[in-house]
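Okay, structure11.cif is below, mmCIF, C-alpha atoms:
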```cif
data_target
#
loop_
_atom_site.label_atom_id
_atom_site.label_comp_id
_atom_site.auth_asym_id
_atom_site.auth_seq_id
_atom_site.Cartn_x
_atom_site.Cartn_y
_atom_site.Cartn_z
CA MET A 4 0.94 17.65 10.90
CA ARG A 5 -1.05 20.80 11.50
CA LYS A 6 1.02 23.55 13.13
CA MET A 7 3.27 21.26 15.15
CA ALA A 8 5.60 18.31 14.67
CA ILE A 9 4.38 16.52 17.77
CA LEU A 10 0.71 16.61 18.65
CA ALA A 11 -0.48 17.04 22.20
CA VAL A 12 -4.28 17.09 22.22
CA LEU A 13 -6.93 16.01 24.65
CA ALA A 14 -8.51 12.60 24.20
CA THR A 15 -12.12 13.48 23.40
CA ALA A 16 -14.53 11.23 21.52
CA LEU A 17 -16.06 13.28 18.71
CA ILE A 18 -17.76 10.80 16.40
CA SER A 19 -19.72 7.76 17.48
CA CYS A 20 -20.09 5.29 14.66
CA GLY A 21 -22.62 3.12 16.45
CA ASN A 22 -20.21 0.23 16.84
CA THR A 23 -17.49 -1.12 19.08
CA TYR A 24 -14.97 1.01 17.24
CA THR A 25 -15.31 4.77 17.31
CA ALA A 26 -13.50 7.47 15.39
CA LYS A 27 -12.05 9.86 17.94
CA THR A 28 -9.28 12.27 18.85
CA VAL A 29 -6.44 10.68 20.80
CA GLU A 30 -3.58 12.01 22.89
CA LEU A 31 -0.24 12.13 21.09
CA THR A 32 2.40 13.45 23.47
CA ASN A 33 5.63 12.71 21.62
CA GLN A 34 7.13 11.77 18.25
CA ASN A 35 6.77 8.05 18.89
CA ASP A 36 3.04 8.43 19.55
CA SER A 37 2.60 10.54 16.44
CA VAL A 38 4.39 8.09 14.15
CA ASN A 39 2.34 5.15 15.43
CA TYR A 40 -0.92 7.01 14.93
CA ALA A 41 0.13 8.36 11.53
CA VAL A 42 1.09 4.90 10.26
CA GLY A 43 -2.37 3.63 11.19
CA LEU A 44 -4.19 6.64 9.74
CA VAL A 45 -2.41 6.48 6.38
CA ASN A 46 -2.98 2.74 6.00
CA GLY A 47 -6.58 2.94 7.18
CA ALA A 48 -7.31 5.71 4.67
CA ASN A 49 -5.73 3.64 1.89
CA ILE A 50 -7.84 0.60 2.78
CA LYS A 51 -10.96 2.76 2.85
CA MET A 52 -10.18 4.07 -0.62
CA GLN A 53 -9.14 0.75 -2.17
CA GLN A 54 -11.21 -1.89 -0.37
CA LEU A 55 -14.20 -0.12 1.18
CA ARG A 56 -14.98 2.51 -1.40
CA ASN A 57 -18.48 1.09 -1.82
CA ASP A 58 -18.90 -0.34 1.68
CA SER A 59 -18.44 2.01 4.61
CA SER A 60 -20.63 0.01 6.98
CA ASP A 61 -19.71 -0.28 10.63
CA LYS A 62 -19.75 -4.06 10.28
CA ALA A 63 -17.06 -4.06 7.60
CA VAL A 64 -14.84 -1.79 9.69
CA ALA A 65 -15.42 -3.91 12.78
CA GLU A 66 -14.56 -7.09 10.86
CA PHE A 67 -11.27 -5.61 9.76
CA ILE A 68 -10.27 -4.25 13.18
CA ASP A 69 -11.30 -7.50 14.90
CA ALA A 70 -9.17 -9.42 12.41
CA MET A 71 -6.21 -7.10 12.95
CA GLN A 72 -6.52 -7.58 16.70
CA ARG A 73 -6.58 -11.37 16.26
CA GLY A 74 -3.49 -11.19 14.09
CA TYR A 75 -1.68 -9.03 16.62
CA ASP A 76 -2.70 -11.28 19.53
CA GLY A 77 -1.54 -14.39 17.69
CA LYS A 78 -5.04 -15.86 17.68
CA VAL A 79 -5.19 -16.49 13.96
CA GLU A 80 -5.47 -20.17 13.16
CA GLU A 81 -2.44 -21.29 11.17
CA LEU A 82 -3.76 -23.40 8.31
CA SER A 83 -2.20 -25.58 5.68
CA ASP A 84 -2.51 -24.35 2.10
CA VAL A 85 -5.30 -26.85 1.46
CA ALA A 86 -7.21 -25.84 4.60
CA SER A 87 -6.73 -22.14 3.88
CA ILE A 88 -8.08 -22.48 0.35
CA GLY A 89 -10.97 -24.53 1.71
CA GLN A 90 -11.94 -21.87 4.24
CA ASN A 91 -11.68 -19.16 1.59
CA VAL A 92 -14.00 -21.15 -0.68
CA GLY A 93 -16.42 -21.54 2.21
CA ILE A 94 -16.31 -17.84 3.08
CA ALA A 95 -16.79 -16.87 -0.56
CA THR A 96 -19.74 -19.26 -0.78
CA LYS A 97 -21.31 -17.74 2.33
CA ALA A 98 -20.94 -14.30 0.77
CA CYS A 99 -23.13 -15.51 -2.11
CA GLU A 100 -26.10 -15.36 0.27
CA THR A 101 -26.14 -11.60 -0.19
CA LYS A 102 -24.33 -11.19 -3.52
CA GLY A 103 -26.02 -14.08 -5.30
CA LEU A 104 -24.48 -17.26 -6.66
CA ALA A 105 -21.47 -16.40 -8.85
CA GLU A 106 -22.22 -12.76 -7.85
CA ASN A 107 -25.45 -12.83 -9.86
CA PRO A 108 -28.12 -11.20 -7.65
CA ALA A 109 -30.83 -13.09 -9.53
CA TRP A 110 -29.41 -16.47 -8.47
CA THR A 111 -30.23 -17.67 -4.98
CA LEU A 112 -27.58 -19.71 -3.21
CA ASN A 113 -28.64 -23.17 -2.02
CA GLU A 114 -25.77 -24.09 0.27
CA LYS A 115 -26.61 -27.77 0.53
CA ILE A 116 -26.92 -28.33 -3.20
CA PHE A 117 -23.85 -26.24 -4.03
CA PHE A 118 -21.84 -28.06 -1.37
CA GLN A 119 -22.90 -31.48 -2.61
CA GLY A 120 -21.90 -30.49 -6.13
CA LEU A 121 -18.53 -29.33 -4.81
CA VAL A 122 -17.97 -32.62 -2.94
CA ASN A 123 -19.01 -34.69 -5.96
CA GLY A 124 -16.65 -32.67 -8.16
CA ILE A 125 -13.78 -33.35 -5.75
CA TYR A 126 -14.53 -37.10 -5.76
CA ASP A 127 -15.15 -37.14 -9.52
CA ASP A 128 -18.71 -38.39 -9.05
CA GLN A 129 -20.54 -37.50 -12.28
CA SER A 130 -23.64 -39.62 -11.70
CA VAL A 131 -25.88 -36.64 -11.03
CA MET A 132 -24.38 -34.48 -13.75
CA ALA A 133 -21.33 -34.96 -15.93
CA VAL A 134 -18.72 -32.19 -15.67
CA ASP A 135 -19.00 -31.41 -19.40
CA VAL A 136 -22.76 -31.19 -19.11
CA ALA A 137 -22.43 -28.98 -16.02
CA LYS A 138 -20.07 -26.65 -17.85
CA GLU A 139 -22.36 -26.32 -20.85
CA TYR A 140 -25.42 -25.94 -18.65
CA PHE A 141 -23.87 -23.30 -16.39
CA GLN A 142 -22.49 -21.28 -19.29
CA ALA A 143 -25.89 -21.31 -20.99
CA ALA A 144 -27.57 -20.22 -17.76
CA TYR A 145 -25.00 -17.48 -17.24
CA MET A 146 -25.43 -16.12 -20.76
CA ALA A 147 -29.20 -16.30 -20.43
CA SER A 148 -29.04 -14.33 -17.19
CA ARG A 149 -27.34 -11.51 -19.07
CA SER A 150 -30.19 -11.21 -21.56
CA GLU A 151 -33.96 -11.28 -21.53
CA ASN A 152 -33.93 -14.94 -22.49
CA THR A 153 -34.45 -16.88 -19.25
CA THR A 154 -34.43 -20.39 -20.73
CA ALA A 155 -31.19 -22.05 -19.72
CA GLY A 156 -31.86 -25.70 -20.37
CA LYS A 157 -33.83 -28.30 -18.48
CA ALA A 158 -33.40 -29.01 -14.79
CA VAL A 159 -31.68 -32.25 -13.93
CA LYS A 160 -33.19 -34.75 -11.56
CA ALA A 161 -31.05 -37.67 -10.42
CA SER A 162 -29.51 -39.37 -7.42
CA CYS A 163 -25.96 -39.24 -6.04
CA PRO A 164 -24.71 -42.72 -5.07
CA LYS A 165 -21.61 -41.45 -3.28
CA SER A 166 -23.39 -38.89 -1.13
CA THR A 167 -24.88 -39.76 2.20
CA LYS A 168 -28.31 -38.92 0.89
CA THR A 169 -30.16 -38.67 -2.38
CA ILE A 170 -30.04 -35.23 -3.97
CA ASN A 171 -32.87 -34.03 -6.18
CA LEU A 172 -32.49 -31.15 -8.56
CA ALA A 173 -36.09 -30.15 -8.93
CA SER A 174 -35.67 -26.69 -10.45
CA LYS A 175 -33.44 -24.65 -12.70
CA MET A 176 -31.96 -22.88 -9.66
CA ASP A 177 -31.14 -26.23 -8.03
CA SER A 178 -29.37 -27.30 -11.20
CA ILE A 179 -27.40 -24.04 -11.43
CA ASN A 180 -26.24 -24.41 -7.82
CA TYR A 181 -25.23 -28.03 -8.34
CA ALA A 182 -23.47 -27.35 -11.65
CA PHE A 183 -21.54 -24.45 -10.16
CA GLY A 184 -20.47 -26.58 -7.19
CA LEU A 185 -19.50 -29.50 -9.42
CA LEU A 186 -17.37 -27.28 -11.65
CA ASN A 187 -15.61 -25.74 -8.67
CA GLY A 188 -15.03 -29.15 -7.14
CA SER A 189 -13.57 -30.43 -10.38
CA GLU A 190 -11.16 -27.46 -10.49
CA VAL A 191 -10.16 -28.03 -6.87
CA LYS A 192 -9.43 -31.70 -7.61
CA ALA A 193 -7.24 -30.75 -10.56
CA TYR A 194 -5.29 -27.87 -9.06
CA VAL A 195 -5.45 -28.14 -5.25
CA LEU A 196 -5.75 -31.86 -4.63
CA ALA A 197 -3.69 -33.18 -7.54
CA ASN A 198 -1.22 -34.89 -5.17
CA ASP A 199 -3.81 -36.28 -2.79
CA SER A 200 -3.05 -40.02 -2.97
CA THR A 201 -4.71 -40.93 0.34
CA GLY A 202 -7.82 -38.76 0.27
CA ASP A 203 -6.78 -37.00 3.48
CA MET A 204 -6.30 -33.68 1.72
CA ALA A 205 -9.80 -33.88 0.25
CA LYS A 206 -11.27 -34.48 3.71
CA GLU A 207 -9.27 -31.54 5.12
CA PHE A 208 -10.41 -29.30 2.30
CA ILE A 209 -14.09 -30.23 2.64
CA ALA A 210 -14.01 -29.82 6.42
CA ASN A 211 -12.60 -26.32 6.04
CA VAL A 212 -15.12 -25.37 3.38
CA ASN A 213 -17.73 -26.19 6.01
CA LYS A 214 -15.95 -24.01 8.56
CA GLY A 215 -15.73 -21.15 6.11
CA MET A 216 -19.42 -21.37 5.25
CA LYS A 217 -20.23 -20.78 8.91
CA LYS A 218 -18.40 -17.44 8.91
CA ASP A 219 -20.63 -14.54 7.99
CA TYR A 220 -18.20 -11.88 6.79
CA VAL A 221 -19.17 -8.74 4.88
CA ASN A 222 -15.74 -8.59 3.25
CA PRO A 223 -13.69 -11.82 3.60
CA GLN A 224 -10.67 -10.40 1.75
CA LEU A 225 -10.55 -7.49 4.16
CA VAL A 226 -10.65 -9.87 7.13
CA SER A 227 -7.69 -11.80 5.76
CA MET A 228 -5.83 -8.54 5.20
CA GLY A 229 -6.55 -7.41 8.75
CA GLU A 230 -5.15 -10.61 10.21
CA GLU A 231 -1.96 -10.28 8.17
CA ILE A 232 -1.51 -6.63 9.14
CA GLY A 233 -1.97 -7.50 12.82
CA LYS A 234 0.68 -10.22 12.57
CA THR A 235 3.04 -7.85 10.76
CA ILE A 236 2.69 -5.18 13.47
CA LYS A 237 3.41 -7.75 16.17
CA ALA A 238 6.47 -9.00 14.28
CA GLN A 239 7.89 -5.45 14.19
CA GLU A 240 7.97 -5.05 17.97
CA PRO A 241 11.44 -6.56 18.55
CA GLU A 242 13.11 -4.51 15.83
CA GLY A 243 11.05 -1.33 16.18
CA LEU A 244 8.20 0.23 14.22
CA LEU A 245 9.02 0.39 10.50
CA SER A 246 12.31 -1.36 11.32
CA GLU A 247 13.55 1.68 13.26
CA SER A 248 14.92 0.61 16.65
CA SER A 249 14.23 4.04 18.17
CA LEU A 250 10.50 3.82 17.40
CA ALA A 251 8.51 1.62 19.78
CA THR A 252 5.37 -0.04 18.44
CA ASP A 253 2.14 1.09 20.12
CA PHE A 254 -0.60 -1.15 18.75
CA GLU A 255 -3.48 0.75 20.36
CA LEU A 256 -2.45 4.00 18.69
CA ILE A 257 -1.92 2.25 15.37
CA LYS A 258 -5.33 0.62 15.69
CA GLN A 259 -7.03 3.95 16.44
CA GLY A 260 -5.25 5.43 13.45
CA PHE A 261 -6.69 2.65 11.29
CA ILE A 262 -10.16 3.24 12.70
CA ASN A 263 -9.97 6.98 12.05
CA GLY A 264 -8.65 6.36 8.56
CA LEU A 265 -11.40 3.86 7.78
CA TYR A 266 -14.04 6.34 8.99
CA GLN A 267 -12.31 9.25 7.19
CA TYR A 268 -11.98 11.13 10.47
CA ASN A 269 -9.34 13.74 9.60
CA GLU A 270 -9.84 16.31 12.36
CA MET A 271 -6.44 15.51 13.89
CA TRP A 272 -4.55 14.95 10.67
CA GLU A 273 -5.08 14.61 6.94
CA PRO A 274 -3.71 11.26 5.68
CA MET A 275 -1.38 12.99 3.21
CA GLU A 276 0.03 15.17 6.01
CA ALA A 277 0.51 12.09 8.15
CA GLY A 278 2.36 10.29 5.35
CA VAL A 279 4.74 13.21 4.86
CA TYR A 280 5.32 13.38 8.61
CA VAL A 281 6.22 9.69 8.85
CA GLN A 282 8.63 9.95 5.93
CA THR A 283 10.24 13.04 7.44
CA VAL A 284 10.74 11.31 10.79
CA LEU A 285 12.24 8.25 9.13
CA ASN A 286 14.57 10.42 7.08
CA ASN A 287 15.64 12.33 10.18
CA LEU A 288 16.37 9.11 12.03
CA LYS A 289 18.26 7.57 9.16
CA TYR A 290 19.97 10.63 7.72
CA GLY A 291 20.13 13.00 10.69
CA ASP A 292 23.92 12.76 10.73
CA THR A 293 24.03 13.74 7.06
CA LYS A 294 22.08 16.89 7.84
CA ALA A 295 24.20 17.76 10.89
CA LYS A 296 27.49 17.17 9.06
CA GLY A 297 26.30 19.34 6.18
CA GLU A 298 25.43 22.21 8.52
CA GLN A 299 28.81 21.95 10.24
CA PHE A 300 30.59 21.87 6.88
CA LEU A 301 28.81 25.01 5.68
CA ALA A 302 29.49 26.87 8.94
CA GLU A 303 33.21 26.19 8.61
CA ASN A 304 33.26 26.77 4.85
CA ALA A 305 31.69 30.23 5.22
CA LEU A 306 34.82 31.41 7.08
CA LYS A 307 37.18 30.56 4.24
CA ASP A 308 38.71 33.27 2.08
CA GLY A 309 36.89 33.81 -1.19
CA VAL A 310 33.64 32.11 -0.09
CA LYS A 311 30.59 34.35 -0.21
CA THR A 312 27.18 33.62 1.31
CA THR A 313 23.86 34.90 -0.06
CA ALA A 314 20.78 35.75 2.00
CA SER A 315 19.30 32.32 1.24
CA GLY A 316 22.37 30.51 2.62
CA LEU A 317 23.87 29.61 -0.76
CA GLN A 318 27.67 29.75 -0.67
CA TYR A 319 29.86 30.29 -3.73
CA GLU A 320 33.37 31.12 -4.79
CA VAL A 321 34.57 32.44 -8.12
CA ILE A 322 37.08 30.28 -9.93
CA LYS A 323 36.92 32.32 -13.14
CA MET A 324 34.80 35.40 -13.85
CA GLY A 325 33.45 35.68 -17.38
CA LYS A 326 32.51 38.81 -19.31
CA GLY A 327 29.22 37.74 -20.94
CA ALA A 328 25.62 38.37 -20.01
CA LYS A 329 24.01 36.95 -16.89
CA PRO A 330 20.98 34.63 -17.21
CA THR A 331 17.62 35.29 -15.59
CA ALA A 332 15.42 32.84 -13.73
CA THR A 333 13.57 32.04 -16.96
CA SER A 334 16.67 31.62 -19.14
CA THR A 335 17.81 28.37 -20.70
CA VAL A 336 21.54 27.79 -20.26
CA LYS A 337 24.28 25.44 -21.42
CA VAL A 338 26.79 24.35 -18.76
CA HIS A 339 29.53 21.93 -17.86
CA TYR A 340 29.46 20.80 -14.25
CA GLU A 341 30.53 18.25 -11.67
CA GLY A 342 28.59 17.51 -8.48
CA THR A 343 30.03 16.00 -5.29
CA LEU A 344 28.98 15.33 -1.73
CA ILE A 345 30.95 16.93 1.09
CA ASP A 346 33.03 13.75 1.41
CA GLY A 347 34.20 14.15 -2.18
CA THR A 348 31.96 11.48 -3.72
CA ILE A 349 31.10 12.43 -7.30
CA PHE A 350 27.40 11.78 -7.98
CA ASP A 351 27.08 13.45 -11.40
CA SER A 352 29.42 14.97 -13.97
CA SER A 353 28.87 16.28 -17.48
CA ILE A 354 32.64 16.69 -17.64
CA GLN A 355 33.15 12.94 -17.25
CA ARG A 356 30.47 12.32 -19.86
CA GLY A 357 32.22 14.73 -22.19
CA GLU A 358 29.03 16.56 -23.11
CA PRO A 359 27.56 19.76 -21.62
CA ILE A 360 23.88 19.93 -20.72
CA GLU A 361 21.19 22.48 -21.50
CA PHE A 362 18.25 23.25 -19.20
CA PRO A 363 15.85 26.04 -18.11
CA LEU A 364 16.89 27.66 -14.83
CA ASN A 365 13.37 27.48 -13.45
CA GLY A 366 13.40 23.67 -13.77
CA VAL A 367 16.29 22.84 -11.43
CA ILE A 368 17.00 22.94 -7.68
CA LYS A 369 16.83 26.35 -5.98
CA GLY A 370 20.57 26.51 -5.42
CA TRP A 371 21.21 26.26 -9.16
CA THR A 372 18.45 28.72 -10.09
CA GLU A 373 19.90 31.34 -7.75
CA GLY A 374 23.57 30.59 -8.32
CA LEU A 375 23.59 30.59 -12.14
CA GLN A 376 22.06 34.08 -12.14
CA LEU A 377 25.23 35.32 -10.44
CA MET A 378 27.43 34.08 -13.32
CA PRO A 379 28.23 35.97 -16.52
CA VAL A 380 28.69 33.68 -19.53
CA GLY A 381 32.26 32.34 -19.55
CA SER A 382 32.41 32.12 -15.74
CA LYS A 383 33.31 29.14 -13.61
CA PHE A 384 31.97 29.06 -10.03
CA ARG A 385 31.93 26.58 -7.20
CA PHE A 386 28.61 26.38 -5.33
CA TYR A 387 28.05 25.00 -1.84
CA ILE A 388 24.33 24.29 -1.67
CA PRO A 389 22.52 23.72 1.68
CA GLN A 390 20.07 20.81 1.67
CA GLU A 391 17.16 23.26 1.85
CA LEU A 392 18.20 24.64 -1.56
CA GLY A 393 18.94 21.16 -2.92
CA TYR A 394 16.80 18.05 -2.62
CA GLY A 395 15.92 18.44 1.07
CA ALA A 396 14.38 15.40 2.70
CA GLN A 397 14.09 13.55 -0.61
CA ALA A 398 16.69 11.19 -2.00
CA ALA A 399 17.79 11.88 -5.58
CA GLY A 400 19.54 8.97 -7.25
CA SER A 401 22.69 8.33 -5.22
CA ILE A 402 22.22 11.57 -3.24
CA PRO A 403 20.97 10.80 0.29
CA PRO A 404 18.27 13.00 1.88
CA TYR A 405 19.48 16.18 3.62
CA SER A 406 22.73 16.24 1.64
CA THR A 407 24.77 19.42 1.27
CA LEU A 408 25.89 19.55 -2.37
CA ILE A 409 29.01 20.98 -4.01
CA PHE A 410 28.91 21.89 -7.70
CA GLU A 411 31.68 23.20 -9.91
CA VAL A 412 29.84 24.89 -12.78
CA GLU A 413 31.05 26.54 -15.99
CA LEU A 414 28.46 28.67 -17.79
CA LEU A 415 29.03 28.17 -21.52
CA ASP A 416 26.07 29.97 -23.04
CA ILE A 417 22.58 31.38 -22.63
CA THR A 418 20.61 29.62 -25.38
CA LYS A 419 17.21 31.19 -24.78
#
```

Reformat the file's structure so that it appears as structure tokens.
Amino acid sequence: MRKMAILAVLATALISCGNTYTAKTVELTNQNDSVNYAVGLVNGANIKMQQLRNDSSDKAVAEFIDAMQRGYDGKVEELSDVASIGQNVGIATKACETKGLAENPAWTLNEKIFFQGLVNGIYDDQSVMAVDVAKEYFQAAYMASRSENTTAGKAVKASCPKSTKTINLASKMDSINYAFGLLNGSEVKAYVLANDSTGDMAKEFIANVNKGMKKDYVNPQLVSMGEEIGKTIKAQEPEGLLSESSLATDFELIKQGFINGLYQYNEMWEPMEAGVYVQTVLNNLKYGDTKAKGEQFLAENALKDGVKTTASGLQYEVIKMGKGAKPTATSTVKVHYEGTLIDGTIFDSSIQRGEPIEFPLNGVIKGWTEGLQLMPVGSKFRFYIPQELGYGAQAAGSIPPYSTLIFEVELLDITK
């Protein structure tokens, strides 16, 4: 966060995106507000980068936010697997109006013919076109569309006894639509409706394809994602945001964070800054006691006889003073060591492994880089390293964030 851990800024609309949802500055008066907004901003920026890289339209953003609101409000229709797949097929079919059939811009979608092919494929009606013929025909048409050769076979003209009306395929484009629908219907029958002994599942599927085809979404996958995110946010309310009981969920701030992230409005906060802030808050909430106990330990330890404290806060005591040369910050050294937490838990030990390690001093934590330079070769020191000179807010293996570290180190050699 820029210059402060908790933002307190005036709510002033700065960017109007010409839609219901506007990127704007919001008022964040405490840590809870900031975390809610930051969570939305980070996730909105990620969605922009991953899902809307080539589509920054207001409509796509509005679709996502509307869907997230529906999910949060519990207004998302709960569908069976069959119905859900049906609606997705319908939505994907509707999207072909702008993208082209099978995402080929040169192929115009004919909803009625495609749909009839789909239905006939589900009911295994091959009177208009056999599935094998449809597969061969569609593949030929697809390959032809990728080259200058536009001949893809002859159009088929026939009737469909099981449909409620006769269907005529009077052109190549009609035949492509029908073949594509028939092939999809055949796949649905094999993989979605394989256990449909009564025909009820087929009727449910077809009805939901119809529903889906009435939905005009720019990005159907994004809509589905928005609904799931909205439901997830709502589900977190009883247990706290990000499963932290001390953080209350504020959907409006999260939503505005998403909007700002989707519109790349970073005047309040850069997404990377926001992500670091959220992680820092979570670490403080979860490991705040670790940090406090470490500080108390160091304050008491500094008063003990033989313990010295450097300007950086590093504490050390000499167990054995050697007579060799001292390394520099760019030296490579060979040491034996054992590392523990302040409760005595051993987290790493070359002594237990029975093999010393070799490493460059400028490639380790600050406490080691500083401390080893105090040691002549042949020395054995004990270091008490504040979390700021260790791993800080980051976990490292079995070392929790904000841990004060104790190392007993014997400097065996300077190898470079």

Counting all atoms listed in the file, what is within 9 Å of Phe183 (chain A), bar same-chain residues fewer than 2 positions away, as a PyMOL selection string?
-> chain A and resi 104-105+117+120-121+137-138+141+178-181+185-188

Store the residues picked out above, limited to C-alpha atoms, as a short mmCIF file (atom, residue, chain, number, x, y, z; two decimals), in the coordinates of the input.
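File produced: selection35.cif:
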```cif
data_model
loop_
_atom_site.label_atom_id
_atom_site.label_comp_id
_atom_site.auth_asym_id
_atom_site.auth_seq_id
_atom_site.Cartn_x
_atom_site.Cartn_y
_atom_site.Cartn_z
CA LEU A 104 -24.48 -17.26 -6.66
CA ALA A 105 -21.47 -16.40 -8.85
CA PHE A 117 -23.85 -26.24 -4.03
CA GLY A 120 -21.90 -30.49 -6.13
CA LEU A 121 -18.53 -29.33 -4.81
CA ALA A 137 -22.43 -28.98 -16.02
CA LYS A 138 -20.07 -26.65 -17.85
CA PHE A 141 -23.87 -23.30 -16.39
CA SER A 178 -29.37 -27.30 -11.20
CA ILE A 179 -27.40 -24.04 -11.43
CA ASN A 180 -26.24 -24.41 -7.82
CA TYR A 181 -25.23 -28.03 -8.34
CA LEU A 185 -19.50 -29.50 -9.42
CA LEU A 186 -17.37 -27.28 -11.65
CA ASN A 187 -15.61 -25.74 -8.67
CA GLY A 188 -15.03 -29.15 -7.14
#
```

Shell around region 38-55 of chain A at 9 Å using all atoms listed in the file, local window under 2 positions removed, as number ranges by chain = A: 29, 31, 33-36, 57-60, 63-64, 222, 224-225, 244, 250-267, 269, 272-278, 280-281, 284

Close residues, Pro403 (chain A) itself excluded, 12 Å, all atoms listed in the file, min 5 positions apart in chain, as number ranges by chain = A: 286-287, 289-294, 297, 343-345, 348, 350, 390, 393-398, 408

Would you put the residues from that selection into a file with C-alpha atoms, as a compact mmCIF listing (two decimals), keeping the file's coordinate frame?
```
# COMPACT_ATOMS: atom_id res chain seq x y z
CA ASN A 286 14.57 10.42 7.08
CA ASN A 287 15.64 12.33 10.18
CA LYS A 289 18.26 7.57 9.16
CA TYR A 290 19.97 10.63 7.72
CA GLY A 291 20.13 13.00 10.69
CA ASP A 292 23.92 12.76 10.73
CA THR A 293 24.03 13.74 7.06
CA LYS A 294 22.08 16.89 7.84
CA GLY A 297 26.30 19.34 6.18
CA THR A 343 30.03 16.00 -5.29
CA LEU A 344 28.98 15.33 -1.73
CA ILE A 345 30.95 16.93 1.09
CA THR A 348 31.96 11.48 -3.72
CA PHE A 350 27.40 11.78 -7.98
CA GLN A 390 20.07 20.81 1.67
CA GLY A 393 18.94 21.16 -2.92
CA TYR A 394 16.80 18.05 -2.62
CA GLY A 395 15.92 18.44 1.07
CA ALA A 396 14.38 15.40 2.70
CA GLN A 397 14.09 13.55 -0.61
CA ALA A 398 16.69 11.19 -2.00
CA LEU A 408 25.89 19.55 -2.37
```

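Comparing the minimum interatomic distances between Gln239 (chain A) and each of A:Tyr268, A:Glu303, A:Tyr75, A:Thr28, counting all atoms listed in the file, we find that A:Tyr75 sits nearest.
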
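Closest approach to Ser174 (chain A) among A:Gln376, A:Ser83, A:Asn91, A:Thr111: A:Thr111, based on all atoms listed in the file.
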
Using the chain letters and residue numbers of this document, give as a ChimeraX atom specification the residues selected by the PyMOL selection byres ((chain A and resi 326) around 9).
-> /A:324-325,327-328,379-382

Kindly export the residues of the current selection with C-alpha atoms, as a PDB file, keeping the file's coordinate frame.
```
ATOM      1  CA  MET A 324      34.800  35.400 -13.850  1.00  0.00           C
ATOM      2  CA  GLY A 325      33.450  35.680 -17.380  1.00  0.00           C
ATOM      3  CA  GLY A 327      29.220  37.740 -20.940  1.00  0.00           C
ATOM      4  CA  ALA A 328      25.620  38.370 -20.010  1.00  0.00           C
ATOM      5  CA  PRO A 379      28.230  35.970 -16.520  1.00  0.00           C
ATOM      6  CA  VAL A 380      28.690  33.680 -19.530  1.00  0.00           C
ATOM      7  CA  GLY A 381      32.260  32.340 -19.550  1.00  0.00           C
ATOM      8  CA  SER A 382      32.410  32.120 -15.740  1.00  0.00           C
TER       9      SER A 382
END
```

Minimum-distance residue to Ala302 (chain A), chosen among A:Ser352, A:Val279, A:Tyr387, A:Thr372 (using all atoms listed in the file) | A:Tyr387

Let me know the residues the PyMOL selection byres ((chain A and resi 335) around 10) catches in the file above, as a ChimeraX atom specification.
-> /A:330-334,336-337,361-366,416-419

Radius query 10 Å about (-17.9, -9.1, 2.4), atoms used: only C-alpha atoms, as a PyMOL selection string = chain A and resi 55+58+62-63+66+94-95+97-99+101-102+219-226
